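*Asks:* Below you'll find the structure I mean.
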Amino acid sequence: MAVNMTAAEAAHSDDPKHEGPHVVPGATLLGVFAALMALTYVTVAATNFDLGHLNLWIAMGIATVKASFVVLYFMHLRYDSPFNGFVFVVALAFVWLFLAFVMVDSVQYQPGINKLRLEQRQVDQ
Amino acid sequence: MSDKTHSEHEAGGHGHSRWLAHHFDTPEQQFFSAKLGMWIFLVTEILFFSGLFCAYAVYRRNYPEIFADGHHFLDTTMGAINTAVLIFSSLTMAWAVRAAQLSQKRVLIVCLIITLVCAFAFLGVKYQEYHAKWEHRLVPGQARLEKWFGVSESEGPVTRTDAGFHPDRHYVDEKIQKYSNRKLSQAELDDRAKNLGPFFGIYFCLTGLHGFHVICGIIAITWLLVRSLKGHFSAEYVEPVDCVGLYWHLVDLIWIYLFPLLYLIH
């Protein structure tokens, strides 16, 4: 707590027992902002290179790094009650479960759908 | 814990904070309850958006060629500008929370105003983008919308075909041909122009829902601004600023994924 404290912050925590919500240092906020802008530039620049399927995964990887910065620092999860973090991570797990099940289903049935569509087209002709 | 809050109450000079609801024992308990409630709300928002992301994933997995064509119709520069605007507004919002925690009233007000300006700038750029899509008739069901709003050029009641996707073929064909490495036949162009429909359906649903959240954020930040002008917020009472801040960051978070998924397709 004592590190990176501005005068105002020090005045704020005059009471040694005070342990209210964490105040994120201004330098940290600016650093996170710079990182987010740099990563936005990287993700736009990366589109110029043809890496096949990798393009999508690189874009999603960069987006996830950016999202982590926002969640940990701007949204305070790094300093927050761990239970809030737990709630968030559980939600992400359920999103993953949702997407995974739908994709498994879709991959399974798509060839059948395509076949049906082809047959219908032949009947139409 | 109870020892500490007791001493805080005395330091406050008034045994009970003005903003402490009667069903909470201490301002801290109130703060952590509000934050937990906000996080649970944010989680429902994430799950809400995940339905649309799921639609995106299924379509992109099964029909990647639609997305390869579709993204040529989006303006990457506009998207990148909006990304930067939203990230900057996230910074000012985070700074507003910090200012409230440190009881810096003027900094708080300035940060909230900058955040609001950025939010309007985002919507302004979005309006430009939507307007260009409308001009090229790239909105699914546009003919029906035009009849509803009374701006249709054709007369008569709404027909079945009005609900479909009928883009400006001259513009669309030219663009698809431009990014193709061979001369496309008319049948191929017909097919690919028609297939842009699902792409723009997904595009307008995702960005539209996100834009709606930006508007809600503007309302919430305006409310914060009014209250901070009245001097309601200080180190003792920050949770409205903190919770609206969390909401605003979530709006940024969703855009962080939308931007590469819609605009940056190789």
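Going through the structure tokens in order, the chains are called A, B, and so on, while each chain numbers its residues from 1 and the ligands are numbered from 1 in the order shown.
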Quick one: which residues from chain B are at most 6 Å off chain A, using only C-alpha atoms, as a PyMOL selection string?
*Replies:* chain B and resi 36+43+54+94+98+246+253+256-257+266
*Asks:* Which residues, written as a list of chain:residue names, have at least one atom at most 9 Å from His210 in chain B, with only C-alpha atoms counted and residues fewer than 3 positions away on the same chain left out?
*Replies:* B:Phe49, B:Cys205, B:Leu206, B:Thr207, B:His213, B:Val214, B:Ile215, B:Val251, B:Ile254, B:Trp255
*Asks:* Those same residues - N, CA, C and O atoms - I'd like them written as a tab-separated table (two decimals), in the first residue's frame.
*Replies:*
```
chain	number	residue	atom	x	y	z
B	49	PHE	N	-24.88	-11.41	-24.11
B	49	PHE	CA	-24.12	-11.20	-25.34
B	49	PHE	C	-23.62	-12.52	-25.92
B	49	PHE	O	-23.44	-12.65	-27.13
B	205	CYS	N	-27.05	-6.86	-35.33
B	205	CYS	CA	-27.48	-7.33	-34.00
B	205	CYS	C	-26.38	-7.07	-32.97
B	205	CYS	O	-26.64	-6.52	-31.90
B	206	LEU	N	-25.15	-7.47	-33.29
B	206	LEU	CA	-24.05	-7.31	-32.32
B	206	LEU	C	-23.74	-5.85	-32.04
B	206	LEU	O	-23.71	-5.41	-30.89
B	207	THR	N	-23.52	-5.06	-33.10
B	207	THR	CA	-23.14	-3.66	-32.88
B	207	THR	C	-24.35	-2.86	-32.38
B	207	THR	O	-24.19	-1.91	-31.61
B	213	HIS	N	-26.14	-0.43	-25.37
B	213	HIS	CA	-25.44	-0.38	-24.07
B	213	HIS	C	-24.68	0.94	-23.90
B	213	HIS	O	-24.58	1.46	-22.80
B	214	VAL	N	-24.14	1.44	-25.00
B	214	VAL	CA	-23.46	2.74	-24.93
B	214	VAL	C	-24.47	3.83	-24.54
B	214	VAL	O	-24.18	4.67	-23.69
B	215	ILE	N	-25.67	3.76	-25.12
B	215	ILE	CA	-26.70	4.76	-24.78
B	215	ILE	C	-27.07	4.64	-23.29
B	215	ILE	O	-27.17	5.65	-22.58
B	251	VAL	N	-18.77	-2.47	-21.39
B	251	VAL	CA	-19.11	-2.04	-22.75
B	251	VAL	C	-17.82	-2.00	-23.59
B	251	VAL	O	-17.80	-2.43	-24.75
B	254	ILE	N	-16.66	-5.69	-24.38
B	254	ILE	CA	-17.38	-6.33	-25.48
B	254	ILE	C	-16.85	-5.80	-26.81
B	254	ILE	O	-16.64	-6.56	-27.76
B	255	TRP	N	-16.62	-4.49	-26.88
B	255	TRP	CA	-16.13	-3.91	-28.13
B	255	TRP	C	-14.75	-4.45	-28.47
B	255	TRP	O	-14.41	-4.63	-29.66
```
*Asks:* Which of these, B:Phe233, B:Tyr247, B:Phe204, B:Trp39, has the shortest distance to Gly217 in chain B once you count only C-alpha atoms?
*Replies:*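 Comparing B:Phe233, B:Tyr247, B:Phe204, B:Trp39 against Gly217 in chain B, the winner is B:Tyr247.
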*Asks:* Find, counting only C-alpha atoms, the residue in B:Ser17, B:Trp248, B:Tyr179, B:Ile109 that gets nearest to Lys230 in chain B.
*Replies:*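 Smallest distance to Lys230 in chain B is found for B:Ile109.
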*Asks:* For the alpha helix (DSSP H) assignment from backbone DSSP, which residues of chain A qualify? Please present them as a PyMOL selection string.
*Replies:* chain A and resi 7-12+26-46+54-69+82-124
